[in-house]
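To be precise, the following lines are target37.cif, and they hold mmCIF, N, CA and C atoms.
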```cif
data_entry
#
loop_
_atom_site.label_atom_id
_atom_site.label_comp_id
_atom_site.auth_asym_id
_atom_site.auth_seq_id
_atom_site.Cartn_x
_atom_site.Cartn_y
_atom_site.Cartn_z
N MET W 1 -24.17 20.54 125.33
CA MET W 1 -23.43 20.72 126.55
C MET W 1 -22.13 19.93 126.45
N ILE W 2 -21.05 20.51 126.94
CA ILE W 2 -19.75 19.84 126.99
C ILE W 2 -19.38 19.68 128.45
N ARG W 3 -18.96 18.46 128.81
CA ARG W 3 -18.57 18.20 130.21
C ARG W 3 -17.63 17.00 130.26
N GLN W 4 -17.00 16.85 131.43
CA GLN W 4 -16.16 15.67 131.66
C GLN W 4 -17.06 14.44 131.71
N LEU W 5 -16.56 13.35 131.15
CA LEU W 5 -17.31 12.10 131.21
C LEU W 5 -17.07 11.41 132.55
N THR W 6 -18.08 10.68 132.99
CA THR W 6 -17.99 9.94 134.25
C THR W 6 -18.34 8.48 133.99
N LYS W 7 -18.29 7.67 135.04
CA LYS W 7 -18.60 6.25 134.88
C LYS W 7 -20.02 6.03 134.37
N ARG W 8 -20.92 6.97 134.63
CA ARG W 8 -22.29 6.86 134.10
C ARG W 8 -22.33 6.92 132.58
N ASP W 9 -21.28 7.47 131.99
CA ASP W 9 -21.23 7.64 130.54
C ASP W 9 -20.54 6.48 129.82
N LEU W 10 -20.10 5.47 130.56
CA LEU W 10 -19.28 4.41 129.98
C LEU W 10 -19.94 3.75 128.76
N THR W 11 -21.20 3.40 128.84
CA THR W 11 -21.86 2.71 127.73
C THR W 11 -21.88 3.59 126.48
N GLN W 12 -22.25 4.85 126.63
CA GLN W 12 -22.28 5.75 125.48
C GLN W 12 -20.87 6.01 124.94
N TYR W 13 -19.91 6.15 125.84
CA TYR W 13 -18.50 6.37 125.47
C TYR W 13 -17.99 5.23 124.61
N LEU W 14 -18.22 4.00 125.05
CA LEU W 14 -17.76 2.83 124.30
C LEU W 14 -18.50 2.68 122.97
N ALA W 15 -19.79 2.97 122.97
CA ALA W 15 -20.57 2.87 121.74
C ALA W 15 -20.10 3.90 120.70
N LEU W 16 -19.84 5.12 121.14
CA LEU W 16 -19.38 6.15 120.22
C LEU W 16 -17.99 5.83 119.69
N TRP W 17 -17.10 5.34 120.56
CA TRP W 17 -15.75 4.95 120.15
C TRP W 17 -15.83 3.82 119.12
N SER W 18 -16.66 2.84 119.40
CA SER W 18 -16.83 1.71 118.49
C SER W 18 -17.36 2.18 117.13
N HIS W 19 -18.34 3.07 117.16
CA HIS W 19 -18.89 3.61 115.91
C HIS W 19 -17.80 4.33 115.11
N GLY W 20 -17.01 5.14 115.79
CA GLY W 20 -15.94 5.86 115.12
C GLY W 20 -14.90 4.93 114.51
N LEU W 21 -14.57 3.86 115.23
CA LEU W 21 -13.60 2.90 114.71
C LEU W 21 -14.11 2.21 113.45
N ARG W 22 -15.40 1.93 113.40
CA ARG W 22 -15.97 1.31 112.20
C ARG W 22 -16.04 2.30 111.03
N ALA W 23 -16.40 3.54 111.35
CA ALA W 23 -16.59 4.54 110.30
C ALA W 23 -15.27 5.09 109.74
N ALA W 24 -14.27 5.26 110.60
CA ALA W 24 -13.01 5.87 110.18
C ALA W 24 -11.84 5.30 110.98
N PRO W 25 -11.50 4.05 110.77
CA PRO W 25 -10.46 3.40 111.59
C PRO W 25 -9.11 4.11 111.57
N ALA W 26 -8.76 4.76 110.48
CA ALA W 26 -7.47 5.44 110.38
C ALA W 26 -7.40 6.70 111.26
N ALA W 27 -8.53 7.16 111.75
CA ALA W 27 -8.56 8.36 112.58
C ALA W 27 -8.21 8.09 114.04
N PHE W 28 -8.01 6.83 114.40
CA PHE W 28 -7.79 6.47 115.79
C PHE W 28 -6.41 5.87 115.98
N LEU W 29 -5.86 6.03 117.18
CA LEU W 29 -4.56 5.48 117.51
C LEU W 29 -4.61 3.99 117.81
N LEU W 30 -5.76 3.51 118.27
CA LEU W 30 -5.92 2.10 118.58
C LEU W 30 -6.82 1.45 117.53
N THR W 31 -6.62 0.17 117.33
CA THR W 31 -7.50 -0.58 116.43
C THR W 31 -8.69 -1.08 117.23
N SER W 32 -9.73 -1.53 116.54
CA SER W 32 -10.89 -2.07 117.25
C SER W 32 -10.50 -3.31 118.04
N ALA W 33 -9.56 -4.11 117.55
CA ALA W 33 -9.10 -5.29 118.30
C ALA W 33 -8.40 -4.88 119.59
N GLU W 34 -7.61 -3.81 119.54
CA GLU W 34 -6.93 -3.33 120.75
C GLU W 34 -7.94 -2.79 121.75
N VAL W 35 -8.92 -2.06 121.27
CA VAL W 35 -9.95 -1.51 122.16
C VAL W 35 -10.72 -2.64 122.84
N ALA W 36 -11.02 -3.69 122.09
CA ALA W 36 -11.77 -4.83 122.64
C ALA W 36 -11.02 -5.51 123.77
N GLU W 37 -9.69 -5.41 123.78
CA GLU W 37 -8.88 -6.04 124.82
C GLU W 37 -8.80 -5.23 126.11
N ILE W 38 -9.22 -3.99 126.07
CA ILE W 38 -9.11 -3.12 127.24
C ILE W 38 -10.15 -3.52 128.28
N LEU W 39 -9.69 -3.70 129.49
CA LEU W 39 -10.58 -4.09 130.59
C LEU W 39 -11.54 -2.95 130.93
N GLU W 40 -12.75 -3.32 131.33
CA GLU W 40 -13.72 -2.30 131.73
C GLU W 40 -13.17 -1.44 132.85
N SER W 41 -12.43 -2.04 133.76
CA SER W 41 -11.85 -1.29 134.88
C SER W 41 -10.87 -0.22 134.38
N ALA W 42 -10.18 -0.49 133.28
CA ALA W 42 -9.26 0.50 132.71
C ALA W 42 -10.04 1.66 132.09
N HIS W 43 -11.14 1.35 131.42
CA HIS W 43 -12.00 2.41 130.88
C HIS W 43 -12.53 3.27 132.02
N LEU W 44 -13.00 2.63 133.07
CA LEU W 44 -13.55 3.38 134.21
C LEU W 44 -12.47 4.24 134.87
N ALA W 45 -11.26 3.72 134.97
CA ALA W 45 -10.16 4.50 135.54
C ALA W 45 -9.87 5.73 134.68
N GLN W 46 -9.89 5.55 133.37
CA GLN W 46 -9.66 6.66 132.45
C GLN W 46 -10.73 7.74 132.64
N LEU W 47 -11.97 7.32 132.76
CA LEU W 47 -13.05 8.28 132.98
C LEU W 47 -12.89 8.96 134.33
N HIS W 48 -12.52 8.20 135.34
CA HIS W 48 -12.36 8.74 136.70
C HIS W 48 -11.25 9.79 136.77
N GLN W 49 -10.22 9.62 135.96
CA GLN W 49 -9.08 10.56 135.98
C GLN W 49 -9.45 11.93 135.43
N GLY W 50 -10.58 12.03 134.75
CA GLY W 50 -11.03 13.32 134.25
C GLY W 50 -10.40 13.75 132.94
N HIS W 51 -9.83 12.81 132.20
CA HIS W 51 -9.18 13.15 130.94
C HIS W 51 -10.12 13.01 129.74
N CYS W 52 -11.34 12.60 129.97
CA CYS W 52 -12.29 12.35 128.88
C CYS W 52 -13.40 13.40 128.94
N TRP W 53 -13.63 14.02 127.80
CA TRP W 53 -14.64 15.05 127.70
C TRP W 53 -15.62 14.67 126.61
N GLY W 54 -16.87 15.05 126.79
CA GLY W 54 -17.88 14.72 125.81
C GLY W 54 -18.78 15.89 125.50
N ALA W 55 -19.29 15.87 124.27
CA ALA W 55 -20.30 16.83 123.86
C ALA W 55 -21.62 16.07 123.76
N PHE W 56 -22.63 16.60 124.40
CA PHE W 56 -23.94 15.95 124.46
C PHE W 56 -24.97 16.80 123.74
N GLN W 57 -25.85 16.12 123.02
CA GLN W 57 -26.99 16.78 122.39
C GLN W 57 -28.23 16.00 122.80
N ASN W 58 -29.14 16.67 123.48
CA ASN W 58 -30.35 16.03 124.00
C ASN W 58 -30.01 14.80 124.86
N GLY W 59 -28.96 14.91 125.65
CA GLY W 59 -28.57 13.84 126.56
C GLY W 59 -27.81 12.68 125.92
N ILE W 60 -27.50 12.80 124.63
CA ILE W 60 -26.79 11.73 123.92
C ILE W 60 -25.38 12.21 123.60
N LEU W 61 -24.40 11.37 123.90
CA LEU W 61 -23.01 11.67 123.61
C LEU W 61 -22.80 11.64 122.10
N VAL W 62 -22.42 12.78 121.52
CA VAL W 62 -22.26 12.87 120.07
C VAL W 62 -20.82 13.12 119.64
N ALA W 63 -19.96 13.48 120.59
CA ALA W 63 -18.54 13.69 120.30
C ALA W 63 -17.77 13.55 121.60
N MET W 64 -16.50 13.16 121.47
CA MET W 64 -15.69 13.01 122.68
C MET W 64 -14.23 13.29 122.35
N ALA W 65 -13.49 13.62 123.38
CA ALA W 65 -12.05 13.83 123.27
C ALA W 65 -11.40 13.26 124.52
N VAL W 66 -10.28 12.60 124.31
CA VAL W 66 -9.51 12.06 125.43
C VAL W 66 -8.17 12.77 125.40
N LEU W 67 -7.86 13.44 126.48
CA LEU W 67 -6.61 14.18 126.59
C LEU W 67 -5.55 13.27 127.19
N ARG W 68 -4.44 13.11 126.50
CA ARG W 68 -3.36 12.25 126.97
C ARG W 68 -2.10 13.08 127.12
N ARG W 69 -1.42 12.84 128.21
CA ARG W 69 -0.20 13.58 128.49
C ARG W 69 1.01 12.93 127.82
N CYS W 70 1.04 11.63 127.78
CA CYS W 70 2.17 10.90 127.22
C CYS W 70 1.72 10.14 125.99
N GLY W 71 2.69 9.84 125.15
CA GLY W 71 2.39 9.09 123.94
C GLY W 71 2.47 7.60 124.15
N PRO W 72 2.43 6.90 123.05
CA PRO W 72 2.33 5.45 122.98
C PRO W 72 2.85 4.64 124.16
N LYS W 73 3.71 3.69 123.98
CA LYS W 73 3.86 2.49 124.79
C LYS W 73 2.49 1.86 124.68
N ARG W 74 2.01 1.89 123.45
CA ARG W 74 0.68 1.54 122.98
C ARG W 74 -0.37 2.14 123.89
N LEU W 75 -0.12 3.37 124.28
CA LEU W 75 -1.03 4.24 125.00
C LEU W 75 -1.28 3.81 126.44
N GLN W 76 -0.50 2.88 126.92
CA GLN W 76 -0.46 2.53 128.34
C GLN W 76 -1.82 2.18 128.92
N LEU W 77 -2.61 1.43 128.19
CA LEU W 77 -3.91 0.99 128.69
C LEU W 77 -3.82 -0.45 129.15
N ASP W 78 -4.53 -0.76 130.19
CA ASP W 78 -4.51 -2.10 130.78
C ASP W 78 -5.36 -3.05 129.94
N ARG W 79 -4.69 -3.98 129.30
CA ARG W 79 -5.40 -4.97 128.48
C ARG W 79 -5.42 -6.34 129.14
N GLY W 80 -5.24 -6.37 130.45
CA GLY W 80 -5.34 -7.61 131.21
C GLY W 80 -4.25 -8.53 130.90
#
```
Step by step, read the file and then write its structure as structure tokens.
Amino acid sequence: MIRQLTKRDLTQYLALWSHGLRAAPAAFLLTSAEVAEILESAHLAQLHQGHCWGAFQNGILVAMAVLRRCGPKRLQLDRG
């Protein structure tokens, strides 16, 4: 099933992102250090905006995509 991610998906979203960063760091725009600096409230805001989509298999998030309208300014995420 593919659907928009919500705040209920935050733990799986962060775990999958973290796994991807470890497995293929060059495939991501942010480094693991940059992701670690992002406030939980910023992650929740991103999910709330409806720009994050996930593919689920047996209730487990196995793939995700984040749609961004604008580019860098280091991706405009709140790092506190």
Residue nearest W:Arg8 among W:Leu47, W:Ala24, W:Cys52, W:Met64 (counting only C-alpha atoms):
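Checking each candidate against W:Arg8, we get W:Leu47 as the closest.
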Please compute the atom N of W:Ile2-atom N of W:Ala63 distance, one decimal, in Å.
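Answer for the atom N of W:Ile2 to atom N of W:Ala63 separation: 9.5 Å.
Using all atoms listed in the file, the protein and nucleic acid residues lying at most 6.5 Å from the point (-13.3, 14.3, 127.8) are W:Arg3, W:Gln4, W:Leu5, W:Gly50, W:His51, W:Cys52, W:Trp53, W:Gly54, W:Met64, W:Ala65, W:Val66, W:Leu67.
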For the atom pair atom CA of W:Lys7 and atom CA of W:Leu39, what is the interatomic distance in Å to one decimal place?
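For atom CA of W:Lys7 relative to atom CA of W:Leu39, the distance reads 13.8 Å.
Relative to atom N of W:Arg22, atom N of W:His48 is found at 23.0 Å.
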Extract the full set of helix (DSSP H, G or I) residues from stretch 10-46 of chain W according to DSSP on the backbone, and format it as JSON, numbers by chain.
{"W": [10, 11, 12, 13, 14, 15, 16, 17, 18, 19, 20, 21, 22, 23, 25, 26, 27, 32, 33, 34, 35, 36, 37, 40, 41, 42, 43, 44, 45, 46]}
Since I can't run it myself right now, could you work out what the PyMOL selection byres (((chain W and resi 40 and name CA) around 10) and name CA) selects here and report it as a PyMOL selection string?
chain W and resi 10+14+36-39+41-46+78-80
Running the PyMOL selection byres (((chain W and resi 61 and name CA) around 10) and name CA) on this model by hand, what would come out? Give it as a PyMOL selection string.
chain W and resi 1-2+5+9+11-13+15-16+53-60+62-64
Save the residues we just selected, N, CA and C atoms, as a short mmCIF file (atom, residue, chain, number, x, y, z; two decimals), in the coordinates of the input?
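Written file, selection33.cif:
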```cif
data_model
loop_
_atom_site.label_atom_id
_atom_site.label_comp_id
_atom_site.auth_asym_id
_atom_site.auth_seq_id
_atom_site.Cartn_x
_atom_site.Cartn_y
_atom_site.Cartn_z
N MET W 1 -24.17 20.54 125.33
CA MET W 1 -23.43 20.72 126.55
C MET W 1 -22.13 19.93 126.45
N ILE W 2 -21.05 20.51 126.94
CA ILE W 2 -19.75 19.84 126.99
C ILE W 2 -19.38 19.68 128.45
N LEU W 5 -16.56 13.35 131.15
CA LEU W 5 -17.31 12.10 131.21
C LEU W 5 -17.07 11.41 132.55
N ASP W 9 -21.28 7.47 131.99
CA ASP W 9 -21.23 7.64 130.54
C ASP W 9 -20.54 6.48 129.82
N THR W 11 -21.20 3.40 128.84
CA THR W 11 -21.86 2.71 127.73
C THR W 11 -21.88 3.59 126.48
N GLN W 12 -22.25 4.85 126.63
CA GLN W 12 -22.28 5.75 125.48
C GLN W 12 -20.87 6.01 124.94
N TYR W 13 -19.91 6.15 125.84
CA TYR W 13 -18.50 6.37 125.47
C TYR W 13 -17.99 5.23 124.61
N ALA W 15 -19.79 2.97 122.97
CA ALA W 15 -20.57 2.87 121.74
C ALA W 15 -20.10 3.90 120.70
N LEU W 16 -19.84 5.12 121.14
CA LEU W 16 -19.38 6.15 120.22
C LEU W 16 -17.99 5.83 119.69
N TRP W 53 -13.63 14.02 127.80
CA TRP W 53 -14.64 15.05 127.70
C TRP W 53 -15.62 14.67 126.61
N GLY W 54 -16.87 15.05 126.79
CA GLY W 54 -17.88 14.72 125.81
C GLY W 54 -18.78 15.89 125.50
N ALA W 55 -19.29 15.87 124.27
CA ALA W 55 -20.30 16.83 123.86
C ALA W 55 -21.62 16.07 123.76
N PHE W 56 -22.63 16.60 124.40
CA PHE W 56 -23.94 15.95 124.46
C PHE W 56 -24.97 16.80 123.74
N GLN W 57 -25.85 16.12 123.02
CA GLN W 57 -26.99 16.78 122.39
C GLN W 57 -28.23 16.00 122.80
N ASN W 58 -29.14 16.67 123.48
CA ASN W 58 -30.35 16.03 124.00
C ASN W 58 -30.01 14.80 124.86
N GLY W 59 -28.96 14.91 125.65
CA GLY W 59 -28.57 13.84 126.56
C GLY W 59 -27.81 12.68 125.92
N ILE W 60 -27.50 12.80 124.63
CA ILE W 60 -26.79 11.73 123.92
C ILE W 60 -25.38 12.21 123.60
N VAL W 62 -22.42 12.78 121.52
CA VAL W 62 -22.26 12.87 120.07
C VAL W 62 -20.82 13.12 119.64
N ALA W 63 -19.96 13.48 120.59
CA ALA W 63 -18.54 13.69 120.30
C ALA W 63 -17.77 13.55 121.60
N MET W 64 -16.50 13.16 121.47
CA MET W 64 -15.69 13.01 122.68
C MET W 64 -14.23 13.29 122.35
#
```
Could you add whatever atoms are missing so that stretch 41-60 of chain W carries N, CA, C and O atoms, then write the result as a CSV table (one decimal), keeping the file's coordinate frame?
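Once written, result-v4.csv looks like this:
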```
chain,number,residue,atom,x,y,z
W,41,SER,N,-12.4,-2.0,133.8
W,41,SER,CA,-11.8,-1.3,134.9
W,41,SER,C,-10.9,-0.2,134.4
W,41,SER,O,-10.8,0.9,135.0
W,42,ALA,N,-10.2,-0.5,133.3
W,42,ALA,CA,-9.3,0.5,132.7
W,42,ALA,C,-10.0,1.7,132.1
W,42,ALA,O,-9.6,2.8,132.2
W,43,HIS,N,-11.1,1.4,131.4
W,43,HIS,CA,-12.0,2.4,130.9
W,43,HIS,C,-12.5,3.3,132.0
W,43,HIS,O,-12.5,4.5,131.9
W,44,LEU,N,-13.0,2.6,133.1
W,44,LEU,CA,-13.6,3.4,134.2
W,44,LEU,C,-12.5,4.2,134.9
W,44,LEU,O,-12.7,5.4,135.3
W,45,ALA,N,-11.3,3.7,135.0
W,45,ALA,CA,-10.2,4.5,135.5
W,45,ALA,C,-9.9,5.7,134.7
W,45,ALA,O,-9.6,6.8,135.2
W,46,GLN,N,-9.9,5.6,133.4
W,46,GLN,CA,-9.7,6.7,132.4
W,46,GLN,C,-10.7,7.7,132.6
W,46,GLN,O,-10.4,8.9,132.7
W,47,LEU,N,-12.0,7.3,132.8
W,47,LEU,CA,-13.0,8.3,133.0
W,47,LEU,C,-12.9,9.0,134.3
W,47,LEU,O,-13.1,10.2,134.5
W,48,HIS,N,-12.5,8.2,135.3
W,48,HIS,CA,-12.4,8.7,136.7
W,48,HIS,C,-11.2,9.8,136.8
W,48,HIS,O,-11.3,10.8,137.5
W,49,GLN,N,-10.2,9.6,136.0
W,49,GLN,CA,-9.1,10.6,136.0
W,49,GLN,C,-9.4,11.9,135.4
W,49,GLN,O,-8.7,12.9,135.6
W,50,GLY,N,-10.6,12.0,134.8
W,50,GLY,CA,-11.0,13.3,134.2
W,50,GLY,C,-10.4,13.8,132.9
W,50,GLY,O,-10.4,14.9,132.6
W,51,HIS,N,-9.8,12.8,132.2
W,51,HIS,CA,-9.2,13.2,130.9
W,51,HIS,C,-10.1,13.0,129.7
W,51,HIS,O,-9.7,13.2,128.6
W,52,CYS,N,-11.3,12.6,130.0
W,52,CYS,CA,-12.3,12.4,128.9
W,52,CYS,C,-13.4,13.4,128.9
W,52,CYS,O,-14.0,13.6,130.0
W,53,TRP,N,-13.6,14.0,127.8
W,53,TRP,CA,-14.6,15.0,127.7
W,53,TRP,C,-15.6,14.7,126.6
W,53,TRP,O,-15.3,14.0,125.6
W,54,GLY,N,-16.9,15.0,126.8
W,54,GLY,CA,-17.9,14.7,125.8
W,54,GLY,C,-18.8,15.9,125.5
W,54,GLY,O,-19.0,16.8,126.3
W,55,ALA,N,-19.3,15.9,124.3
W,55,ALA,CA,-20.3,16.8,123.9
W,55,ALA,C,-21.6,16.1,123.8
W,55,ALA,O,-21.7,15.0,123.1
W,56,PHE,N,-22.6,16.6,124.4
W,56,PHE,CA,-23.9,16.0,124.5
W,56,PHE,C,-25.0,16.8,123.7
W,56,PHE,O,-25.0,18.0,123.8
W,57,GLN,N,-25.8,16.1,123.0
W,57,GLN,CA,-27.0,16.8,122.4
W,57,GLN,C,-28.2,16.0,122.8
W,57,GLN,O,-28.3,14.8,122.5
W,58,ASN,N,-29.1,16.7,123.5
W,58,ASN,CA,-30.4,16.0,124.0
W,58,ASN,C,-30.0,14.8,124.9
W,58,ASN,O,-30.7,13.8,124.8
W,59,GLY,N,-29.0,14.9,125.6
W,59,GLY,CA,-28.6,13.8,126.6
W,59,GLY,C,-27.8,12.7,125.9
W,59,GLY,O,-27.5,11.7,126.6
W,60,ILE,N,-27.5,12.8,124.6
W,60,ILE,CA,-26.8,11.7,123.9
W,60,ILE,C,-25.4,12.2,123.6
W,60,ILE,O,-25.2,13.3,123.1
```
